[in-house]
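Just below is one structure, and these are the notes that go with it.
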Amino acid sequence: MTKKTIDHISKKEFMEKLESYRKGSITRRHFLNVTGLGAAAAVMGASVPGLRPQPAFAGDIGDRVVLATWPNYHDPANFDAFTEATGAHVQVNVFGSNEEMLAKLQAGATGWDVYVPTNYTFEDYVKEDLIEPLDTSLLPNFDASAFDARYAEAGSVNGTLYGVPKNWGSTGMAVNTKHNGGNAISSWREFFDITMDQFSGRTIVHDYQLTTIGSALNAFGYSFNSVDEKELADAEKLLIDVKPHLFAITSDYQPGMRNGDAWLTICWSGDGKQLNTDMPEIAYALGKEGGEIWSDYWAIPKSSERKAAAYALINFMLDPSVNAKEVLAHGYPTADSRTYDQLPDDLKSDPIIFPAQELLSPLEFGAAVTLTDPNRAELMARFKSA
Amino acid sequence: MTQRTHNWLLLAPAGTWFLVMLIIPLIVVFIFSFGERAPSGGVVLAFSFEQYANLPARWAAFKNTMTLAPIGTLSALLIAYPLAYFLAVKANPRWKTILLVLVIVPFWTSILIRSYAWIFLLGGRGIPALLEWVGIEGLRLINTPFAVLVGIIYGYLPLMVFPIFVSLDKLDKRLLEASSDLGAKPWKTFLQVTLPLSIPGIATGCMLVFILLMGEYLIPALLGGGKVFFVGNALVDLFLQSRNWAYGSAVAVTLVVVMLITVTIYMRLISRLGASREDVSIM
């Protein structure tokens, strides 16, 4: 066995260990939010010489590409395959929220080459001149006609393409049905009512103004994106009334749900799928009043110094066979019909990953103003400190 | 080389470090605090007192910090003192080093990982489950101010133990013998000799723990379930979530001022205590 192979295996093992560590109960959005430990671990992996892969052939895209992304959002085997094909190591930085990514890019150079912003951030990135227009000739695997327009349109601003769709998903609620007579909960009104009644002390809301305020607005039948003063005042009153009955305000809700301390939580669909797979008594449902639907995109920050590597990585991930492996790993649906065709049938018919169209229609995409509205930010602070 | 240039050269590394890493950032934060939030986040420079006028909106964060920081410091002191006393005075010298190392061992793991361990211990399957066996039911520990206090005491205990240990370890044992020869009961010796002589250690320990606690955000976020809100948590949200750097800077400046005032009062009290102690010893 040559030394090269040993290096390769140990790197792979390292990534697998890192991944299983990530999938354990201690690493979720919030954990990463407060620490950046995921990023630190990945940086460590890249900087230990023995863990660095040898290029399989001499490419001209450099020896690495830096990706800023969300937790549990990739199949690490795909990164290994990319490295094998191009010689460029994928260095992964994991973040907890779009706000945090935006804040880092606003503050100056980040060293990122590729990132995965959500639909409602593009206007701001373009306005602040932080995002690179995409040259589709460098993305031969991108076929605009293969994508459902609903999940692709936010990637273009004023007719210029800045992002190509990665995955989409919904924000609903997950309940441990064992405590609710075997029934799921599928309305935001019921979510808050039951929290103030028999679920007192057992409910989690996100430490994220967009979804937590949005869900409270939905409970009144208002828009998820409302910035109307009166409607926000109603939502605030509801949130403050419900606060003493909450188990936690955190986006790190999987551990609480898994160990049984929490029975109900606001939940992203991929987490819902992961929880439901491991504990079938946890049911994921969308609120019938509405809620959020979102779409993430592959994009390149203007400050990237390795643009050739950035295009190469995005193009690689857009390959339907690679993309299908991604979906299998994280459980978020894809808007790419070519990828969809490659998925196993049980995944295509999974109601959490691909909900019925009539359940999706009341959902709204988050708006740019929802992200940046200072009143919503202050409301969240009052709620948290109440 | 003159003595003067010699001194400057010796001071240069530390001085540069302080200037670049402390003074300049503080000035930047101070300037930002009079600015305004840019429409999509960040800061626009201005000369406005609006951010300071908004401070009452973070009153609850200051109140929580100013309550739990002193309580945490005092609790850590009450637990650390007997431990330090035992290590310095009572422990078998052969075991002393090992026992001291045991106090440091937790520092070898990140406070973050240790706080996650506490999440499990205080969660429904941890201590409450054990208590259910002995008939105490429905006890909720995790995500309460109590859980935050436990995390604080646990995390900061070594910082309190060491200064007290050092001051007790240096203590001249002949003073204790003299006190007992002169007929003082052990508790009187403790109150009139040991305790006053360990005040420098207590003062240092309390100050270390208190100052760090004022800026704490990790433990409330993890063990308080986001429901126990410290100034540190308010700052993280202001910079990373609402991206209101101007307001965040005003809160940060206020925290620094509050801390300076508290620490000054504290130092005054300590030096007065030191002065009165000398009076006693003269008597």
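Ligands are numbered from 1 in the order shown, chains are lettered A, B, ... in the order of the structure tokens, and residues start at 1 in each chain.
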Might you pull out every residue within 12 Å of segment 127-132 of chain A, with only C-alpha atoms counted and same-chain residues fewer than 3 positions away left off, and present them as a ChimeraX atom specification?
/A:101-110,112-117,121-124,135,155-158,160-163,298-305,307,310-311,368 /B:38-42
Looking only at helix (DSSP H, G or I) from DSSP on the backbone, list the matching residues of segment 85-149 of chain B as an MDAnalysis selection string.
chainID B and resid 85:90 93:108 111:122 127:133 145:149
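Closest approach to chain B from the set A:Val322, A:Ala144, A:Leu139, A:Ala248 is made by A:Ala248, with distances taken over only C-alpha atoms.
DSSP secondary structure from the backbone places Leu246, Phe247, Ala248, Ile249, Leu264, Thr265, Ile266, Cys267 and Trp268 of chain A of segment 219-281 of chain A in strand (DSSP E).
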Excluding segment 61-72 of chain A and its own-chain neighbours fewer than 2 positions away, which residues fall within 6 Å of it when counting only C-alpha atoms? Please give them as a list of chain:residue names.
A:Gly59, A:Gly87, A:Ala88, A:His89, A:Val90, A:Gln91, A:Val92, A:Asn93, A:Val94, A:Phe95, A:Trp112, A:Asp113, A:Val114, A:Tyr115, A:Val116, A:Ala308, A:Ala309
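Around Asp207 of chain A, within 9 Å and counting only C-alpha atoms, the residues found are His30, Thr211, Thr212, Ala248, Ile249, Thr250, Ser251, Asp252, Met380 and Lys384 of chain A; Gly226 of chain B, once anything fewer than 4 positions away on its own chain is removed.
Counting from atom CA of Gln209 of chain A, the distance to atom CA of Lys227 of chain B is 14.4 Å.
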For chain A, work out the contacting residues on chain B at 8 Å, counting only C-alpha atoms, and write them as a count of residues only.
27
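Taking atom CA of Ile111 of chain B and atom CA of Lys63 of chain B as endpoints, the distance between them is 24.4 Å.
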Could you state the separation of atom CA of Leu26 of chain B and atom CA of Thr264 of chain B in Å, given to one decimal place?
19.3 Å
Contact table segment 95-176 of chain B vs segment 213-216 of chain B, cut-off 12 Å, shortest pair per residue, only C-alpha atoms, as CSV:
```
residue,atom,partner,partner_atom,distance
B:Ile111,CA,B:Glu216,CA,11.8
B:Val148,CA,B:Glu216,CA,10.7
B:Leu149,CA,B:Leu213,CA,10.7
B:Gly151,CA,B:Glu216,CA,11.1
B:Ile152,CA,B:Leu213,CA,7.9
B:Ile153,CA,B:Leu213,CA,10.2
B:Gly155,CA,B:Leu213,CA,10.2
B:Tyr156,CA,B:Leu213,CA,8.6
B:Leu157,CA,B:Leu213,CA,11.9
B:Leu159,CA,B:Leu213,CA,11.5
```
Determine, counting only C-alpha atoms, which protein, DNA and RNA residues have an atom within 10 Å of an atom of Ser215 of chain A; residues of the same chain fewer than 2 positions away are not included. Present the result as a PyMOL selection string.
chain A and resi 171-173+187-189+191-192+205-206+209-213+217-225+235+239+266+287+289-292
Got time to write the residues from that selection, N, CA and C atoms, as a CSV table (one decimal), in the first residue's frame?
```csv
chain,number,residue,atom,x,y,z
A,171,THR,N,-41.1,25.3,6.0
A,171,THR,CA,-41.0,25.4,7.4
A,171,THR,C,-42.4,25.1,8.0
A,172,GLY,N,-42.5,24.0,8.7
A,172,GLY,CA,-43.7,23.6,9.3
A,172,GLY,C,-43.5,23.3,10.8
A,173,MET,N,-44.2,22.3,11.3
A,173,MET,CA,-44.1,21.9,12.7
A,173,MET,C,-43.9,20.4,12.8
A,187,SER,N,-52.0,23.2,12.3
A,187,SER,CA,-52.4,24.6,12.2
A,187,SER,C,-51.6,25.4,13.2
A,188,TRP,N,-51.2,26.6,12.8
A,188,TRP,CA,-50.4,27.4,13.7
A,188,TRP,C,-51.2,27.9,14.9
A,189,ARG,N,-52.5,28.1,14.7
A,189,ARG,CA,-53.3,28.5,15.9
A,189,ARG,C,-53.3,27.4,16.9
A,191,PHE,N,-51.0,25.1,17.2
A,191,PHE,CA,-49.6,25.1,17.7
A,191,PHE,C,-49.5,25.9,19.0
A,192,PHE,N,-50.0,27.2,18.9
A,192,PHE,CA,-49.8,28.1,20.0
A,192,PHE,C,-50.8,27.8,21.1
A,205,VAL,N,-39.7,27.1,19.9
A,205,VAL,CA,-39.7,28.0,18.7
A,205,VAL,C,-38.3,28.4,18.3
A,206,HIS,N,-38.1,28.7,17.1
A,206,HIS,CA,-36.8,29.0,16.6
A,206,HIS,C,-36.2,30.3,17.2
A,209,GLN,N,-36.0,35.3,13.9
A,209,GLN,CA,-37.2,36.1,13.8
A,209,GLN,C,-38.1,35.7,12.6
A,210,LEU,N,-37.5,35.4,11.5
A,210,LEU,CA,-38.2,35.1,10.3
A,210,LEU,C,-39.3,34.1,10.5
A,211,THR,N,-38.9,32.9,11.1
A,211,THR,CA,-39.8,31.8,11.2
A,211,THR,C,-40.7,31.9,12.5
A,212,THR,N,-40.1,32.4,13.6
A,212,THR,CA,-40.9,32.5,14.8
A,212,THR,C,-42.0,33.6,14.7
A,213,ILE,N,-41.6,34.8,14.3
A,213,ILE,CA,-42.6,35.8,14.1
A,213,ILE,C,-43.6,35.4,13.0
A,217,LEU,N,-47.6,35.2,13.2
A,217,LEU,CA,-48.5,36.0,12.2
A,217,LEU,C,-49.4,35.1,11.5
A,218,ASN,N,-49.0,33.9,11.1
A,218,ASN,CA,-49.8,32.9,10.5
A,218,ASN,C,-51.0,32.5,11.4
A,219,ALA,N,-50.7,32.4,12.7
A,219,ALA,CA,-51.8,31.9,13.6
A,219,ALA,C,-53.0,32.9,13.6
A,220,PHE,N,-52.7,34.2,13.2
A,220,PHE,CA,-53.8,35.1,13.1
A,220,PHE,C,-54.4,35.2,11.7
A,221,GLY,N,-53.8,34.4,10.8
A,221,GLY,CA,-54.2,34.4,9.4
A,221,GLY,C,-53.5,35.5,8.6
A,222,TYR,N,-52.5,36.2,9.2
A,222,TYR,CA,-51.8,37.2,8.5
A,222,TYR,C,-50.7,36.6,7.7
A,223,SER,N,-50.1,37.5,6.8
A,223,SER,CA,-49.0,37.0,6.0
A,223,SER,C,-47.8,36.7,6.8
A,224,PHE,N,-47.1,35.6,6.4
A,224,PHE,CA,-45.8,35.2,7.1
A,224,PHE,C,-44.8,36.4,7.0
A,225,ASN,N,-44.9,37.2,6.0
A,225,ASN,CA,-44.0,38.3,5.7
A,225,ASN,C,-44.4,39.7,6.2
A,235,ALA,N,-48.9,39.7,16.9
A,235,ALA,CA,-47.9,38.5,16.9
A,235,ALA,C,-47.1,38.6,18.2
A,239,LEU,N,-46.7,35.9,21.2
A,239,LEU,CA,-45.4,35.3,21.6
A,239,LEU,C,-45.1,35.6,23.0
A,266,ILE,N,-41.3,24.3,15.9
A,266,ILE,CA,-41.2,24.8,14.5
A,266,ILE,C,-40.1,24.0,13.9
A,287,GLY,N,-48.5,24.1,8.3
A,287,GLY,CA,-49.6,24.9,8.9
A,287,GLY,C,-50.6,25.1,7.8
A,289,GLU,N,-52.8,27.5,7.8
A,289,GLU,CA,-52.9,28.9,7.5
A,289,GLU,C,-51.9,29.4,6.6
A,290,GLY,N,-50.8,28.7,6.5
A,290,GLY,CA,-49.6,29.1,5.6
A,290,GLY,C,-48.3,28.8,6.3
A,291,GLY,N,-47.3,29.5,5.9
A,291,GLY,CA,-46.0,29.2,6.5
A,291,GLY,C,-45.0,29.6,5.4
A,292,GLU,N,-43.8,29.1,5.6
A,292,GLU,CA,-42.7,29.5,4.7
A,292,GLU,C,-42.3,28.4,3.7
```
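Taking only C-alpha atoms into account, Leu212 of chain B lies nearest to B:Thr65 out of the set B:Thr65, B:Lys170, B:Ile113, B:Glu137.
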Residue neighbourhood Leu121 of chain B, 12 Å, only C-alpha atoms, exclusion window fewer than 4 positions, as a ChimeraX atom specification:
/A:259 /B:114-117,125-131,140-143,147,150-151,223
List as an MDAnalysis selection string the protein and nucleic acid residues near Gln51 of chain B, meaning an atom at most 12 Å away when only C-alpha atoms are counted, but skip any in the same chain fewer than 5 places from it.
chainID B and resid 30:37 43 46 56:58 244:254
